[in-house]
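Data block below; observations after.
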Amino acid sequence: MTTRGGDILIVDDDVDLSDSLRIILEHHGFQVRTAGSGDEALAAIESRVPDLVVLDVMMASENEGFELAHTIRKRPGLENLPILLLTSFLHRVREEGPERFQNVLGRQWPAQWLFEKPVDTKRLLAKIKGILGER
Amino acid sequence: MNRKGEEFALRELPREVELCRQRILGELGERSRWLIRLRWWIPPSLGLATLFLSWVGVEFEALALLGIGIFICGYNVFFYLRDSRLRSKGNGENIPSQRLIAWQVGFDYVAIFLIVFYTGGISSPFIFLFLFHVILTAILLPKGWARLYAGGVPSGLLLIGVLQSLGSIPVFSLVFQSQKIALAEHPFQGWMVFLFFTGFVLIISFSVSGVMAVFRERVTELADLSRGVAMLCERLEGLMEERSRFMRKVAHNLRAPLAAVTSGLEVLEGSYLGDLNEAQRNRLRRITERVRNLVQMVNELMLLARSRMERKEMEWRPVDLDLIGRRIEQTYRAQAEKKGLTFSVERSEGLPPLMGDEEMIEELVENLVSNAVKYTEAPGQVLVRFLKEANGEVNLEVRDTGIGIPVEDQSRLFTEFHRGRNVRKLDGTGLGLAIVKEVVDRHGGRITIGSEEGKGTTVRVYLPTRTRV
């Protein structure tokens, strides 16, 4: 398998989900690493900066993904690192009302792209190819 | 098919019962005001009676009667002012105080006793005026008071009779053509009249006040019962909310593993882990379809739970029905035509503005249209119409020539997870119409479904404009 597509870091505490994505993306020529928490993700980024971070918003805590995205953005040299959020966030905003998510909605949005779960992998794949092709 | 009326009645029952109780008691109170109004007629009536009796030649104490008329007029002014003051203060229940009624009857008793005294004592035809007051006190006052007043009538008459027979007070008899009506001079007839009259007064008083006591007790019981119903309703609503919360939690917790399952299935379907044979592929396709159905069910369950939980917090905004119509057409036309169906959306000109939750209304129409498309086979027809009704309502009508709804399923259409006998083999969650019903209820509308198996279904949703529930 070649790694012509780029280096992707998938951050999700659902191992089954990240594993499936990893298989699909690897099959399409991307090099994929996975991390199950914010700390693991930061360690993986420290060791090698990926071309794209695919990030689950609601991991162990409600906003862990958001916080991680903000942390990444603040790191020198990572301000423009592409981040794609996988989330049920919009569903939840719709279902639980925006008031509950003011801490997230009131801040600058930390990612460039957002995909609702369950993810349509064909669309996701097309988007990732587009993002990494734009580099 | 429309359960709206029943639900409204259940929720509003305690308030309705309390209003009814107040209306009944208020109605009784109104009798007291009626008494004041009626009393204004007594002085002129006495005046006219005096003139008439004098004209026909009856001899009696005319001046005394006119004096009594002025006395009645005087105390009625007092009671009128007192009643108006009580009414302007407003005691919340529109019920005048029983004390005021008791005082009124007391003064009336004095006036009637005076009339009776000046017109022949026990022989006076005016003793029958007491009957009216005995009945009135039995209706309006507590049992004890009513009986006290009833007992006061024979006691007073007896006292007048005894004092007259002892010569302590004069006897004023009615005289007509030199003939006196004077029962005191005929003791047997006098006593007979007195005893019959007393018995009559007491029987009336006891029976009417007895009936009224039971009536008041029942009204109070009804009010207590309504409070019980109110508590029950509150508890029921709490339980419903708890159920919705649980439903949402379950649905939410199902979503994450479902997302993982979906992506796992895609890995297999896409042959990312190696090629599948035809049998494996077929099996996988069927599993994927079932999982998709499950995902849809979870999403709809969450929507339903959210809608039920946030009943009190709905935001009312103008709903753009034209926009919804266009979106529905965009979403479903291609799908319907691919199935070989004729699909059309019609909108009346100048639809009145509808207030409500646009997202919910769209969800409602989508559910109905998606059902119509799903359950209609080629060469069928699906017609969606947004109509303006003569009474100002908006009628969202979805008509199809599909498989229809069996009669035995029609009464359970809005029950969660219920699926008709003829659609169980087709994909579906059984939540669509429950959502439709929820949205219709929340907008204060009503829904009618006409269907014939094998011929088609017409669903009409009537939504009021410019109103809120």
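The chains in the structure tokens are called A, B, ... from first to last as shown; in each chain the residues are counted from 1, and the ligands are counted from 1 in the order shown.
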Checklist entry - Using only C-alpha atoms, which chain A residues lie at most 9 Å away from chain B, written as a list in words? => result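 Matching residues, ligands excluded from the count: Asp14, Val15, Asp16, Leu17, Ser18, Asp19, Ser20, Leu21, Ile23, Ile24, His27, Ser88, His91, Glu95, Glu96, Lys117, Pro118, Val119, Asp120 and Thr121 of chain A.
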Item to check | Test item, alpha helix (DSSP H) assignment across range 256-458 of chain B, answer as a VMD selection string | outcome: chain B and resid 256 to 269 278 to 309 321 to 338 358 to 374 432 to 442
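Residues in contact with Ser37 in chain A at 7 Å, where only C-alpha atoms are counted and same-chain residues fewer than 6 positions away are skipped, are listed as Val11, Asp12 and Asp13 of chain A.
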Item to check | Those of range 121-268 of chain B in DSSP strand (DSSP E), formatted as a VMD selection string | outcome: chain B and resid 174 to 176 179 to 181
Checklist entry - Near range 39-46 of chain A, within 9 Å and counting only C-alpha atoms, which residues show up once chain neighbours fewer than 6 positions away are dropped, as a ChimeraX atom specification? => result /A:9-11,33,68,71-72
Checklist entry - Could you name the residues that touch Gly65 in chain A at 9 Å or less, counting only C-alpha atoms, but leaving out those on the same chain fewer than 6 positions away, as a list of chain:residue names? => result A:Val11, A:Asp12, A:Ser37, A:Gly38, A:Leu55, A:Asp56, A:Val57, A:Met58, A:Met59, A:Leu85
Next on the checklist: List the spatial neighbours of Gln179 in chain B as a list in words - criterion: any atom at most 10 Å away, only C-alpha atoms, same-chain residues fewer than 5 positions off excluded.
Outcome noted: Val58, Glu59, Ser173 and Leu174 of chain B
Would you mind exporting N, CA and C atoms of the selected residues as an mmCIF file, in the first residue's frame?
data_model
loop_
_atom_site.group_PDB
_atom_site.id
_atom_site.type_symbol
_atom_site.label_atom_id
_atom_site.label_comp_id
_atom_site.auth_asym_id
_atom_site.auth_seq_id
_atom_site.Cartn_x
_atom_site.Cartn_y
_atom_site.Cartn_z
ATOM 1 N N VAL B 58 -111.924 48.020 50.814
ATOM 2 C CA VAL B 58 -111.357 47.279 51.958
ATOM 3 C C VAL B 58 -110.797 48.297 52.938
ATOM 4 N N GLU B 59 -111.136 48.077 54.215
ATOM 5 C CA GLU B 59 -110.628 49.005 55.232
ATOM 6 C C GLU B 59 -109.400 48.392 55.888
ATOM 7 N N SER B 173 -107.550 44.526 61.829
ATOM 8 C CA SER B 173 -108.135 43.529 60.916
ATOM 9 C C SER B 173 -108.474 44.172 59.585
ATOM 10 N N LEU B 174 -108.494 43.328 58.560
ATOM 11 C CA LEU B 174 -108.970 43.788 57.258
ATOM 12 C C LEU B 174 -110.493 43.746 57.312
#
